[in-house]
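*Asks:* Data: data.pdb, PDB, C-alpha atoms.
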ATOM      1  CA  MET V  66      73.011 -95.071-112.064  1.00  0.00           C
ATOM      2  CA  GLU V  67      74.637 -91.660-112.062  1.00  0.00           C
ATOM      3  CA  ARG V  68      76.580 -90.777-108.965  1.00  0.00           C
ATOM      4  CA  ARG V  69      74.707 -87.476-108.631  1.00  0.00           C
ATOM      5  CA  GLU V  70      71.354 -89.183-108.817  1.00  0.00           C
ATOM      6  CA  PHE V  71      72.421 -91.764-106.272  1.00  0.00           C
ATOM      7  CA  LEU V  72      73.345 -88.998-103.839  1.00  0.00           C
ATOM      8  CA  THR V  73      70.031 -87.218-104.187  1.00  0.00           C
ATOM      9  CA  SER V  74      68.011 -90.384-103.935  1.00  0.00           C
ATOM     10  CA  SER V  75      69.922 -91.652-100.913  1.00  0.00           C
ATOM     11  CA  SER V  76      69.563 -88.325 -99.098  1.00  0.00           C
ATOM     12  CA  GLY V  77      65.839 -88.557 -99.783  1.00  0.00           C
ATOM     13  CA  ALA V  78      65.834 -92.005 -98.249  1.00  0.00           C
ATOM     14  CA  THR V  79      67.715 -90.719 -95.212  1.00  0.00           C
ATOM     15  CA  ALA V  80      65.184 -87.947 -94.706  1.00  0.00           C
ATOM     16  CA  LEU V  81      62.459 -90.532 -94.870  1.00  0.00           C
ATOM     17  CA  ALA V  82      64.232 -92.791 -92.400  1.00  0.00           C
ATOM     18  CA  LEU V  83      64.722 -89.866 -90.011  1.00  0.00           C
ATOM     19  CA  ALA V  84      61.085 -88.935 -90.283  1.00  0.00           C
ATOM     20  CA  ALA V  85      60.150 -92.550 -89.589  1.00  0.00           C
ATOM     21  CA  ALA V  86      62.515 -92.716 -86.593  1.00  0.00           C
ATOM     22  CA  SER V  87      61.104 -89.531 -85.082  1.00  0.00           C
ATOM     23  CA  GLY V  88      57.637 -90.972 -85.296  1.00  0.00           C
ATOM     24  CA  LEU V  89      56.383 -88.490 -87.857  1.00  0.00           C
ATOM     25  CA  VAL V  90      55.773 -91.101 -90.471  1.00  0.00           C
ATOM     26  CA  PRO V  91      55.244 -94.750 -89.702  1.00  0.00           C
ATOM     27  CA  ALA V  92      57.660 -96.925 -91.649  1.00  0.00           C
ATOM     28  CA  TYR V  93      56.219 -97.844 -95.044  1.00  0.00           C
ATOM     29  CA  ALA V  94      53.505 -95.250 -94.752  1.00  0.00           C
ATOM     30  CA  GLN V  95      54.331 -94.618 -98.371  1.00  0.00           C
ATOM     31  CA  ASN V  96      52.921 -97.803 -99.815  1.00  0.00           C
ATOM     32  CA  ALA V  97      51.322 -96.870-103.098  1.00  0.00           C
ATOM     33  CA  PRO V  98      47.529 -96.699-103.061  1.00  0.00           C
ATOM     34  CA  GLY V  99      45.985 -99.982-104.105  1.00  0.00           C
ATOM     35  CA  TRP V 100      49.080-102.038-103.284  1.00  0.00           C
ATOM     36  CA  ASN V 101      48.039-105.321-101.669  1.00  0.00           C
ATOM     37  CA  LYS V 102      50.496-105.556 -98.779  1.00  0.00           C
ATOM     38  CA  VAL V 103      48.955-108.717 -97.340  1.00  0.00           C
ATOM     39  CA  ALA V 104      49.367-110.584-100.617  1.00  0.00           C
ATOM     40  CA  PHE V 105      52.967-109.444-101.056  1.00  0.00           C
ATOM     41  CA  ASP V 106      53.770-110.502 -97.488  1.00  0.00           C
ATOM     42  CA  SER V 107      52.678-114.077 -98.121  1.00  0.00           C
ATOM     43  CA  LYS V 108      55.301-116.788 -97.799  1.00  0.00           C
ATOM     44  CA  SER V 109      53.911-119.601 -99.918  1.00  0.00           C
ATOM     45  CA  PHE V 110      51.882-120.201-103.054  1.00  0.00           C
ATOM     46  CA  ALA V 111      48.813-121.272-101.059  1.00  0.00           C
ATOM     47  CA  GLU V 112      49.049-118.214 -98.827  1.00  0.00           C
ATOM     48  CA  ALA V 113      49.445-115.891-101.812  1.00  0.00           C
ATOM     49  CA  ALA V 114      46.460-117.426-103.597  1.00  0.00           C
ATOM     50  CA  LYS V 115      44.376-117.000-100.469  1.00  0.00           C
ATOM     51  CA  ALA V 116      45.493-113.398 -99.980  1.00  0.00           C
ATOM     52  CA  LEU V 117      44.462-112.651-103.558  1.00  0.00           C
ATOM     53  CA  GLY V 118      40.982-113.912-102.839  1.00  0.00           C
ATOM     54  CA  ALA V 119      40.951-117.610-103.741  1.00  0.00           C
ATOM     55  CA  THR V 120      38.428-119.308-101.490  1.00  0.00           C
ATOM     56  CA  SER V 121      39.471-122.823-102.491  1.00  0.00           C
ATOM     57  CA  ALA V 122      42.805-124.237-103.599  1.00  0.00           C
ATOM     58  CA  PRO V 123      43.668-123.245-107.196  1.00  0.00           C
ATOM     59  CA  VAL V 124      43.354-125.972-109.815  1.00  0.00           C
ATOM     60  CA  GLU V 125      46.112-126.816-112.290  1.00  0.00           C
ATOM     61  CA  SER V 126      45.089-125.973-115.840  1.00  0.00           C
ATOM     62  CA  LYS V 127      46.531-126.840-119.247  1.00  0.00           C
ATOM     63  CA  GLU V 128      44.939-123.708-120.643  1.00  0.00           C
ATOM     64  CA  LEU V 129      47.349-121.602-118.669  1.00  0.00           C
ATOM     65  CA  VAL V 130      50.859-121.707-120.088  1.00  0.00           C
ATOM     66  CA  LEU V 131      53.820-120.561-118.030  1.00  0.00           C
ATOM     67  CA  GLN V 132      56.979-119.690-119.883  1.00  0.00           C
ATOM     68  CA  ALA V 133      60.063-119.841-117.727  1.00  0.00           C
ATOM     69  CA  PRO V 134      63.578-121.152-118.288  1.00  0.00           C
ATOM     70  CA  GLU V 135      64.522-124.571-116.924  1.00  0.00           C
ATOM     71  CA  ILE V 136      67.839-123.232-115.794  1.00  0.00           C
ATOM     72  CA  ALA V 137      68.408-119.606-114.932  1.00  0.00           C
ATOM     73  CA  GLU V 138      72.084-118.741-114.788  1.00  0.00           C
ATOM     74  CA  ASN V 139      71.417-115.443-113.100  1.00  0.00           C
ATOM     75  CA  GLY V 140      68.660-115.384-110.503  1.00  0.00           C
ATOM     76  CA  SER V 141      68.415-111.620-110.585  1.00  0.00           C
ATOM     77  CA  VAL V 142      66.883-111.608-114.063  1.00  0.00           C
ATOM     78  CA  VAL V 143      64.543-114.469-114.893  1.00  0.00           C
ATOM     79  CA  ARG V 144      62.130-113.886-117.762  1.00  0.00           C
ATOM     80  CA  VAL V 145      58.706-115.319-117.019  1.00  0.00           C
ATOM     81  CA  GLY V 146      55.580-115.122-119.092  1.00  0.00           C
ATOM     82  CA  ALA V 147      52.079-116.480-118.712  1.00  0.00           C
ATOM     83  CA  GLN V 148      49.348-116.910-121.252  1.00  0.00           C
ATOM     84  CA  SER V 149      45.814-117.943-120.443  1.00  0.00           C
ATOM     85  CA  SER V 150      43.470-119.132-123.165  1.00  0.00           C
ATOM     86  CA  MET V 151      40.542-119.156-120.735  1.00  0.00           C
ATOM     87  CA  ALA V 152      37.959-116.469-121.501  1.00  0.00           C
ATOM     88  CA  ASN V 153      37.426-113.845-118.801  1.00  0.00           C
ATOM     89  CA  THR V 154      40.867-114.155-117.275  1.00  0.00           C
ATOM     90  CA  THR V 155      41.012-111.041-115.121  1.00  0.00           C
ATOM     91  CA  GLN V 156      44.272-111.456-113.219  1.00  0.00           C
ATOM     92  CA  ILE V 157      47.619-113.145-113.711  1.00  0.00           C
ATOM     93  CA  ALA V 158      50.103-113.431-110.859  1.00  0.00           C
ATOM     94  CA  PHE V 159      53.633-114.815-110.684  1.00  0.00           C
ATOM     95  CA  VAL V 160      54.580-116.633-107.496  1.00  0.00           C
ATOM     96  CA  VAL V 161      58.054-117.936-106.609  1.00  0.00           C
ATOM     97  CA  GLU V 162      57.656-120.457-103.834  1.00  0.00           C
ATOM     98  CA  LYS V 163      61.074-120.113-102.200  1.00  0.00           C
ATOM     99  CA  ASN V 164      61.468-116.340-102.419  1.00  0.00           C
ATOM    100  CA  PRO V 165      61.296-114.365 -99.147  1.00  0.00           C
ATOM    101  CA  SER V 166      58.006-112.931-100.392  1.00  0.00           C
ATOM    102  CA  ALA V 167      56.356-115.523-102.589  1.00  0.00           C
ATOM    103  CA  LEU V 168      54.262-113.180-104.733  1.00  0.00           C
ATOM    104  CA  ALA V 169      56.433-111.450-107.316  1.00  0.00           C
ATOM    105  CA  ALA V 170      53.971-109.605-109.518  1.00  0.00           C
ATOM    106  CA  LEU V 171      50.253-109.304-110.008  1.00  0.00           C
ATOM    107  CA  PHE V 172      48.770-108.140-113.298  1.00  0.00           C
ATOM    108  CA  ASP V 173      45.178-107.054-113.791  1.00  0.00           C
ATOM    109  CA  ILE V 174      43.887-107.906-117.221  1.00  0.00           C
ATOM    110  CA  PRO V 175      41.250-105.370-118.309  1.00  0.00           C
ATOM    111  CA  SER V 176      38.801-106.493-120.996  1.00  0.00           C
ATOM    112  CA  GLY V 177      40.396-106.009-124.396  1.00  0.00           C
ATOM    113  CA  THR V 178      43.855-106.843-123.079  1.00  0.00           C
ATOM    114  CA  ASP V 179      45.278-110.258-123.875  1.00  0.00           C
ATOM    115  CA  ALA V 180      45.788-112.598-120.947  1.00  0.00           C
ATOM    116  CA  ASN V 181      49.419-112.801-121.923  1.00  0.00           C
ATOM    117  CA  VAL V 182      52.043-110.894-119.954  1.00  0.00           C
ATOM    118  CA  SER V 183      55.778-111.261-119.441  1.00  0.00           C
ATOM    119  CA  THR V 184      58.182-109.665-117.042  1.00  0.00           C
ATOM    120  CA  ASN V 185      61.562-110.207-115.392  1.00  0.00           C
ATOM    121  CA  ILE V 186      61.723-111.432-111.812  1.00  0.00           C
ATOM    122  CA  LYS V 187      64.384-112.203-109.219  1.00  0.00           C
ATOM    123  CA  MET V 188      64.819-115.641-107.685  1.00  0.00           C
ATOM    124  CA  GLY V 189      66.845-116.274-104.554  1.00  0.00           C
ATOM    125  CA  GLN V 190      67.309-119.968-105.261  1.00  0.00           C
ATOM    126  CA  SER V 191      65.972-122.852-107.349  1.00  0.00           C
ATOM    127  CA  SER V 192      62.245-123.028-106.817  1.00  0.00           C
ATOM    128  CA  ASN V 193      58.899-123.819-108.280  1.00  0.00           C
ATOM    129  CA  VAL V 194      57.491-120.850-110.154  1.00  0.00           C
ATOM    130  CA  TYR V 195      53.720-120.568-110.425  1.00  0.00           C
ATOM    131  CA  ALA V 196      51.509-118.610-112.734  1.00  0.00           C
ATOM    132  CA  LEU V 197      48.152-118.002-111.106  1.00  0.00           C
ATOM    133  CA  ALA V 198      45.168-116.894-113.178  1.00  0.00           C
ATOM    134  CA  LYS V 199      41.844-115.625-111.958  1.00  0.00           C
ATOM    135  CA  VAL V 200      38.976-116.640-114.221  1.00  0.00           C
ATOM    136  CA  GLY V 201      35.591-115.440-113.014  1.00  0.00           C
ATOM    137  CA  ASP V 202      35.825-116.240-109.304  1.00  0.00           C
ATOM    138  CA  LYS V 203      37.992-119.335-109.774  1.00  0.00           C
ATOM    139  CA  TYR V 204      41.760-119.621-109.678  1.00  0.00           C
ATOM    140  CA  PHE V 205      43.939-121.793-111.914  1.00  0.00           C
ATOM    141  CA  TYR V 206      47.654-122.339-111.926  1.00  0.00           C
ATOM    142  CA  ALA V 207      50.577-123.614-113.968  1.00  0.00           C
ATOM    143  CA  VAL V 208      53.871-124.526-112.379  1.00  0.00           C
ATOM    144  CA  LYS V 209      57.431-124.999-113.541  1.00  0.00           C
ATOM    145  CA  GLU V 210      60.627-125.709-111.661  1.00  0.00           C
ATOM    146  CA  VAL V 211      63.383-123.230-112.378  1.00  0.00           C
ATOM    147  CA  LYS V 212      66.929-124.072-111.358  1.00  0.00           C
ATOM    148  CA  VAL V 213      68.991-121.078-110.376  1.00  0.00           C
ATOM    149  CA  THR V 214      72.768-121.305-110.454  1.00  0.00           C
ATOM    150  CA  LEU V 215      73.375-117.811-109.028  1.00  0.00           C
ATOM    151  CA  GLY V 216      70.874-116.282-106.588  1.00  0.00           C
ATOM    152  CA  GLY V 217      69.438-112.836-107.127  1.00  0.00           C
ATOM    153  CA  CYS V 218      68.246-111.782-103.697  1.00  0.00           C
ATOM    154  CA  GLY V 219      71.319-111.665-101.479  1.00  0.00           C
ATOM    155  CA  GLY V 220      74.649-110.009-102.189  1.00  0.00           C
TER     156      GLY V 220
ATOM    157  CA  MET J  57      64.064 -88.358-110.683  1.00  0.00           C
ATOM    158  CA  SER J  58      64.735 -91.534-112.459  1.00  0.00           C
ATOM    159  CA  ASP J  59      65.512 -91.931-116.113  1.00  0.00           C
ATOM    160  CA  PRO J  60      62.700 -92.128-118.635  1.00  0.00           C
ATOM    161  CA  MET J  61      61.124 -95.461-119.436  1.00  0.00           C
ATOM    162  CA  ARG J  62      61.687 -96.931-122.827  1.00  0.00           C
ATOM    163  CA  ILE J  63      58.353 -97.811-124.368  1.00  0.00           C
ATOM    164  CA  ARG J  64      57.851 -99.589-127.690  1.00  0.00           C
ATOM    165  CA  ALA J  65      54.331-100.055-128.930  1.00  0.00           C
ATOM    166  CA  GLN J  66      53.667-101.751-132.217  1.00  0.00           C
ATOM    167  CA  ALA J  67      50.316-102.294-133.914  1.00  0.00           C
ATOM    168  CA  GLN J  68      49.971-105.510-135.879  1.00  0.00           C
ATOM    169  CA  GLY J  69      46.613-106.529-137.298  1.00  0.00           C
ATOM    170  CA  ASP J  70      43.989-105.775-134.644  1.00  0.00           C
ATOM    171  CA  LYS J  71      46.471-105.980-131.769  1.00  0.00           C
ATOM    172  CA  THR J  72      49.013-103.703-130.239  1.00  0.00           C
ATOM    173  CA  THR J  73      52.002-105.157-128.431  1.00  0.00           C
ATOM    174  CA  VAL J  74      53.684-102.967-125.856  1.00  0.00           C
ATOM    175  CA  ARG J  75      57.112-103.497-124.345  1.00  0.00           C
ATOM    176  CA  VAL J  76      58.252-101.315-121.488  1.00  0.00           C
ATOM    177  CA  LEU J  77      61.692-101.065-119.961  1.00  0.00           C
ATOM    178  CA  VAL J  78      61.592 -99.106-116.712  1.00  0.00           C
ATOM    179  CA  SER J  79      64.664 -97.589-115.124  1.00  0.00           C
ATOM    180  CA  HIS J  80      64.490 -98.378-111.403  1.00  0.00           C
ATOM    181  CA  GLU J  81      66.787 -99.907-108.763  1.00  0.00           C
ATOM    182  CA  MET J  82      64.141-102.339-107.449  1.00  0.00           C
ATOM    183  CA  GLU J  83      66.099-102.879-104.234  1.00  0.00           C
ATOM    184  CA  SER J  84      64.813-106.082-102.667  1.00  0.00           C
ATOM    185  CA  GLY J  85      65.358-105.294 -99.000  1.00  0.00           C
ATOM    186  CA  GLN J  86      67.351-108.538 -98.712  1.00  0.00           C
ATOM    187  CA  ARG J  87      70.738-107.206 -99.726  1.00  0.00           C
ATOM    188  CA  LYS J  88      73.338-106.070 -97.222  1.00  0.00           C
ATOM    189  CA  ASP J  89      75.759-103.224 -97.869  1.00  0.00           C
ATOM    190  CA  ALA J  90      79.519-103.322 -97.201  1.00  0.00           C
ATOM    191  CA  ALA J  91      78.952-102.479 -93.521  1.00  0.00           C
ATOM    192  CA  GLY J  92      76.572-105.419 -93.143  1.00  0.00           C
ATOM    193  CA  LYS J  93      73.496-103.257 -92.858  1.00  0.00           C
ATOM    194  CA  THR J  94      70.428-104.321 -94.772  1.00  0.00           C
ATOM    195  CA  VAL J  95      69.691-102.040 -97.690  1.00  0.00           C
ATOM    196  CA  PRO J  96      66.030-101.025 -97.318  1.00  0.00           C
ATOM    197  CA  ALA J  97      63.589-102.146 -99.962  1.00  0.00           C
ATOM    198  CA  TRP J  98      62.961 -99.594-102.685  1.00  0.00           C
ATOM    199  CA  PHE J  99      60.748-100.802-105.471  1.00  0.00           C
ATOM    200  CA  ILE J 100      57.914 -99.960-107.817  1.00  0.00           C
ATOM    201  CA  GLN J 101      54.601-100.996-106.301  1.00  0.00           C
ATOM    202  CA  THR J 102      52.070-100.099-108.939  1.00  0.00           C
ATOM    203  CA  ILE J 103      52.384 -99.550-112.668  1.00  0.00           C
ATOM    204  CA  ASN J 104      49.736 -98.995-115.264  1.00  0.00           C
ATOM    205  CA  ALA J 105      49.388 -98.244-118.930  1.00  0.00           C
ATOM    206  CA  THR J 106      46.632 -96.397-120.737  1.00  0.00           C
ATOM    207  CA  TRP J 107      45.745 -96.165-124.406  1.00  0.00           C
ATOM    208  CA  ASN J 108      43.628 -93.131-125.326  1.00  0.00           C
ATOM    209  CA  GLY J 109      42.779 -92.819-121.634  1.00  0.00           C
ATOM    210  CA  LYS J 110      41.623 -96.455-121.257  1.00  0.00           C
ATOM    211  CA  THR J 111      43.600 -98.668-118.890  1.00  0.00           C
ATOM    212  CA  VAL J 112      45.139-101.508-120.854  1.00  0.00           C
ATOM    213  CA  MET J 113      47.480-102.875-118.182  1.00  0.00           C
ATOM    214  CA  SER J 114      47.754-102.414-114.458  1.00  0.00           C
ATOM    215  CA  ALA J 115      49.981-104.351-112.128  1.00  0.00           C
ATOM    216  CA  GLN J 116      51.189-104.524-108.566  1.00  0.00           C
ATOM    217  CA  TRP J 117      54.802-105.478-108.066  1.00  0.00           C
ATOM    218  CA  GLY J 118      56.691-106.854-105.127  1.00  0.00           C
ATOM    219  CA  THR J 119      60.385-106.726-104.380  1.00  0.00           C
ATOM    220  CA  ALA J 120      61.016-109.769-106.574  1.00  0.00           C
ATOM    221  CA  VAL J 121      60.657-107.884-109.835  1.00  0.00           C
ATOM    222  CA  SER J 122      64.090-107.430-111.410  1.00  0.00           C
ATOM    223  CA  LYS J 123      66.129-104.247-111.430  1.00  0.00           C
ATOM    224  CA  ASN J 124      65.214-102.096-114.429  1.00  0.00           C
ATOM    225  CA  PRO J 125      61.963-104.003-114.900  1.00  0.00           C
ATOM    226  CA  PHE J 126      60.696-105.245-118.212  1.00  0.00           C
ATOM    227  CA  VAL J 127      57.074-105.832-118.995  1.00  0.00           C
ATOM    228  CA  GLN J 128      55.321-106.939-122.149  1.00  0.00           C
ATOM    229  CA  PHE J 129      51.603-107.070-122.843  1.00  0.00           C
ATOM    230  CA  SER J 130      49.226-106.716-125.759  1.00  0.00           C
ATOM    231  CA  PHE J 131      45.703-105.465-126.242  1.00  0.00           C
ATOM    232  CA  LYS J 132      43.058-105.345-128.942  1.00  0.00           C
ATOM    233  CA  GLY J 133      42.795-102.116-130.877  1.00  0.00           C
ATOM    234  CA  GLY J 134      45.285 -99.337-131.198  1.00  0.00           C
ATOM    235  CA  LYS J 135      46.631 -97.897-134.423  1.00  0.00           C
ATOM    236  CA  ALA J 136      49.746 -96.116-135.488  1.00  0.00           C
ATOM    237  CA  GLY J 137      49.860 -92.655-133.964  1.00  0.00           C
ATOM    238  CA  ASP J 138      47.788 -93.464-130.868  1.00  0.00           C
ATOM    239  CA  LYS J 139      49.295 -92.530-127.558  1.00  0.00           C
ATOM    240  CA  ILE J 140      50.324 -94.959-124.812  1.00  0.00           C
ATOM    241  CA  VAL J 141      51.019 -93.575-121.338  1.00  0.00           C
ATOM    242  CA  VAL J 142      52.800 -95.671-118.710  1.00  0.00           C
ATOM    243  CA  SER J 143      53.024 -94.532-115.075  1.00  0.00           C
ATOM    244  CA  TRP J 144      54.457 -96.052-111.912  1.00  0.00           C
ATOM    245  CA  VAL J 145      54.578 -95.324-108.187  1.00  0.00           C
ATOM    246  CA  ASP J 146      57.271 -96.707-105.871  1.00  0.00           C
ATOM    247  CA  ASN J 147      57.352 -97.238-102.108  1.00  0.00           C
ATOM    248  CA  HIS J 148      59.063 -93.875-101.577  1.00  0.00           C
ATOM    249  CA  GLY J 149      56.078 -92.212-103.187  1.00  0.00           C
ATOM    250  CA  ASP J 150      58.125 -91.340-106.267  1.00  0.00           C
ATOM    251  CA  LYS J 151      56.189 -91.309-109.495  1.00  0.00           C
ATOM    252  CA  ARG J 152      57.024 -91.251-113.132  1.00  0.00           C
ATOM    253  CA  SER J 153      54.955 -91.124-116.262  1.00  0.00           C
ATOM    254  CA  ASP J 154      56.149 -91.480-119.841  1.00  0.00           C
ATOM    255  CA  GLU J 155      54.381 -91.704-123.124  1.00  0.00           C
ATOM    256  CA  ALA J 156      54.992 -93.221-126.500  1.00  0.00           C
ATOM    257  CA  VAL J 157      53.265 -93.328-129.842  1.00  0.00           C
ATOM    258  CA  ILE J 158      52.168 -96.603-131.406  1.00  0.00           C
ATOM    259  CA  ALA J 159      54.256 -97.456-134.441  1.00  0.00           C
TER     260      ALA J 159
END
Would you write out, as structure tokens, the structure that this file holds?

*Replies:*
Amino acid sequence: MERREFLTSSSGATALALAAASGLVPAYAQNAPGWNKVAFDSKSFAEAAKALGATSAPVESKELVLQAPEIAENGSVVRVGAQSSMANTTQIAFVVEKNPSALAALFDIPSGTDANVSTNIKMGQSSNVYALAKVGDKYFYAVKEVKVTLGGCGG
Amino acid sequence: MSDPMRIRAQAQGDKTTVRVLVSHEMESGQRKDAAGKTVPAWFIQTINATWNGKTVMSAQWGTAVSKNPFVQFSFKGGKAGDKIVVSWVDNHGDKRSDEAVIA
């Protein structure tokens, strides 16, 4: 990041913090519209699934394939991908069980879009990584253990 | 304002594959600075992509998405010359929108 940009962005953050401290703006009043705070606050896979609307425990499915490395040397960039071959998959979420917030990312799959997304996530430590797919009103998952040799959440 | 996103969209057969590289700090809120103070979380919360005005990808992200996030997805339809627009909103209320043309 450019030094100049860092200065402007950090002064913006300070202004925001001051506004929050003076009671003008509650902290985190700026959450983007449509962002599911409850789901992103969840601490476990079960909690995240519930917060996303699963009424019963998700079922493991072979038709959902999670791509993740067995060993991630750098926990701050772990490529994960999930592909569902179940028709009418409408959501795919990535959940890292031992991260401070379990839910990492939630993708909506509009009709016409393949139920196949990849992204990079951070992992604080070795953990089970889950892909969670919503099919109709049911939830399915795939899980893989990823060993992290260098964490990506702390310093 | 952050740097532009890098968007590559490629049509192959009846599918278009889109790869997006976003430029964003994605501060997790877990890190401490040199003085031992926690660096507040600063991350993209929602991101979406449209093709000819139709939403082809929308996602919500938490703090666990990597710095300078990468995302790949594909959808049916799309031909060379069509426009893809990707937009995000972060927890500071900052927004950015970039567009690319399908190759």

*Asks:* Near chain V, meaning an atom within 7 Å, which residues of chain J appear when counting only C-alpha atoms? Write them as a compact mmCIF listing (two decimals) with C-alpha atoms, in the coordinates of the input.

*Replies:*
# COMPACT_ATOMS: atom_id res chain seq x y z
CA SER J 84 64.81 -106.08 -102.67
CA GLN J 86 67.35 -108.54 -98.71
CA ARG J 87 70.74 -107.21 -99.73
CA LYS J 88 73.34 -106.07 -97.22
CA GLN J 101 54.60 -101.00 -106.30
CA THR J 102 52.07 -100.10 -108.94
CA VAL J 112 45.14 -101.51 -120.85
CA MET J 113 47.48 -102.88 -118.18
CA SER J 114 47.75 -102.41 -114.46
CA ALA J 115 49.98 -104.35 -112.13
CA GLN J 116 51.19 -104.52 -108.57
CA TRP J 117 54.80 -105.48 -108.07
CA GLY J 118 56.69 -106.85 -105.13
CA THR J 119 60.38 -106.73 -104.38
CA ALA J 120 61.02 -109.77 -106.57
CA VAL J 121 60.66 -107.88 -109.84
CA SER J 122 64.09 -107.43 -111.41
CA PRO J 125 61.96 -104.00 -114.90
CA PHE J 126 60.70 -105.24 -118.21
CA VAL J 127 57.07 -105.83 -119.00
CA GLN J 128 55.32 -106.94 -122.15
CA PHE J 129 51.60 -107.07 -122.84
CA SER J 130 49.23 -106.72 -125.76
CA PHE J 131 45.70 -105.46 -126.24
CA LYS J 132 43.06 -105.34 -128.94
CA VAL J 145 54.58 -95.32 -108.19
CA ASP J 146 57.27 -96.71 -105.87
CA ASN J 147 57.35 -97.24 -102.11
CA HIS J 148 59.06 -93.88 -101.58
CA GLY J 149 56.08 -92.21 -103.19

*Asks:* The PyMOL selection byres ((chain V and resi 123) around 8) - which residues does that actually catch in the file I just gave you? List them as a list of chain:residue names.

*Replies:*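 That expression, the PyMOL selection byres ((chain V and resi 123) around 8), corresponds here to V:Ala114, V:Ala119, V:Ser121, V:Ala122, V:Val124, V:Glu125, V:Leu197, V:Lys203, V:Tyr204, V:Phe205, V:Tyr206.
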
*Asks:* Find the axis-aligned box for stretch 99-116 of chain V, covering all its listed atoms and adding 6 Å on each side, and write its centre and edge lengths in Å to one decimal as AutoDock Vina command-line options.

*Replies:*
--center_x 49.8 --center_y -110.6 --center_z -100.7 --size_x 22.9 --size_y 33.3 --size_z 18.8

*Asks:* So which one's closest to V:Asp202, V:Lys127, V:Gly118, V:Ala137, V:Leu215? Using only C-alpha atoms, please.

*Replies:*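 When distances to V:Asp202 are compared using only C-alpha atoms, the smallest one comes from V:Gly118.
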
*Asks:* Under the PyMOL selection byres ((chain V and resi 150) around 7), which residues of this model are included? Write them out as a ChimeraX atom specification.

*Replies:* /V:128-129,148-149,151-152

*Asks:* Generate a file of the selected residues that holds C-alpha atoms, formatted as a compact mmCIF listing (two decimals), keeping the file's coordinate frame.

*Replies:*
# COMPACT_ATOMS: atom_id res chain seq x y z
CA GLU V 128 44.94 -123.71 -120.64
CA LEU V 129 47.35 -121.60 -118.67
CA GLN V 148 49.35 -116.91 -121.25
CA SER V 149 45.81 -117.94 -120.44
CA MET V 151 40.54 -119.16 -120.74
CA ALA V 152 37.96 -116.47 -121.50

*Asks:* Grab the atom CA of V:Ser192 to atom CA of V:Ala147 distance for me, in Å with one decimal place.

*Replies:*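 For atom CA of V:Ser192 relative to atom CA of V:Ala147, the distance reads 17.0 Å.
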
*Asks:* Rounded to one decimal in Å, what is the spacing between atom CA of V:Val200 and atom CA of V:Thr154?

*Replies:*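 Distance between the two atoms: 4.4 Å.
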
*Asks:* What is the distance between atom CA of J:Val95 and atom CA of V:Phe110, in Å to one decimal?

*Replies:*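 Rounded to one decimal, the two atoms are 26.0 Å apart.
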
*Asks:* With distances taken over only C-alpha atoms, which residue among J:Val74, J:Lys93, J:Lys151, J:Pro60 lies nearest J:Lys139?

*Replies:* J:Val74

*Asks:* Using only C-alpha atoms, which residue out of V:Lys115, V:Lys108, V:Val213, V:Gly201 lies closest to V:Lys163?

*Replies:*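 Checking each of V:Lys115, V:Lys108, V:Val213, V:Gly201 against V:Lys163, counting only C-alpha atoms, the winner is V:Lys108.
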
*Asks:* Which is closest to V:Ser107 among V:Thr155, V:Ser191, V:Val208, V:Glu162, if we use all atoms listed in the file?

*Replies:*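 Distance minimum relative to V:Ser107 lands on V:Glu162.
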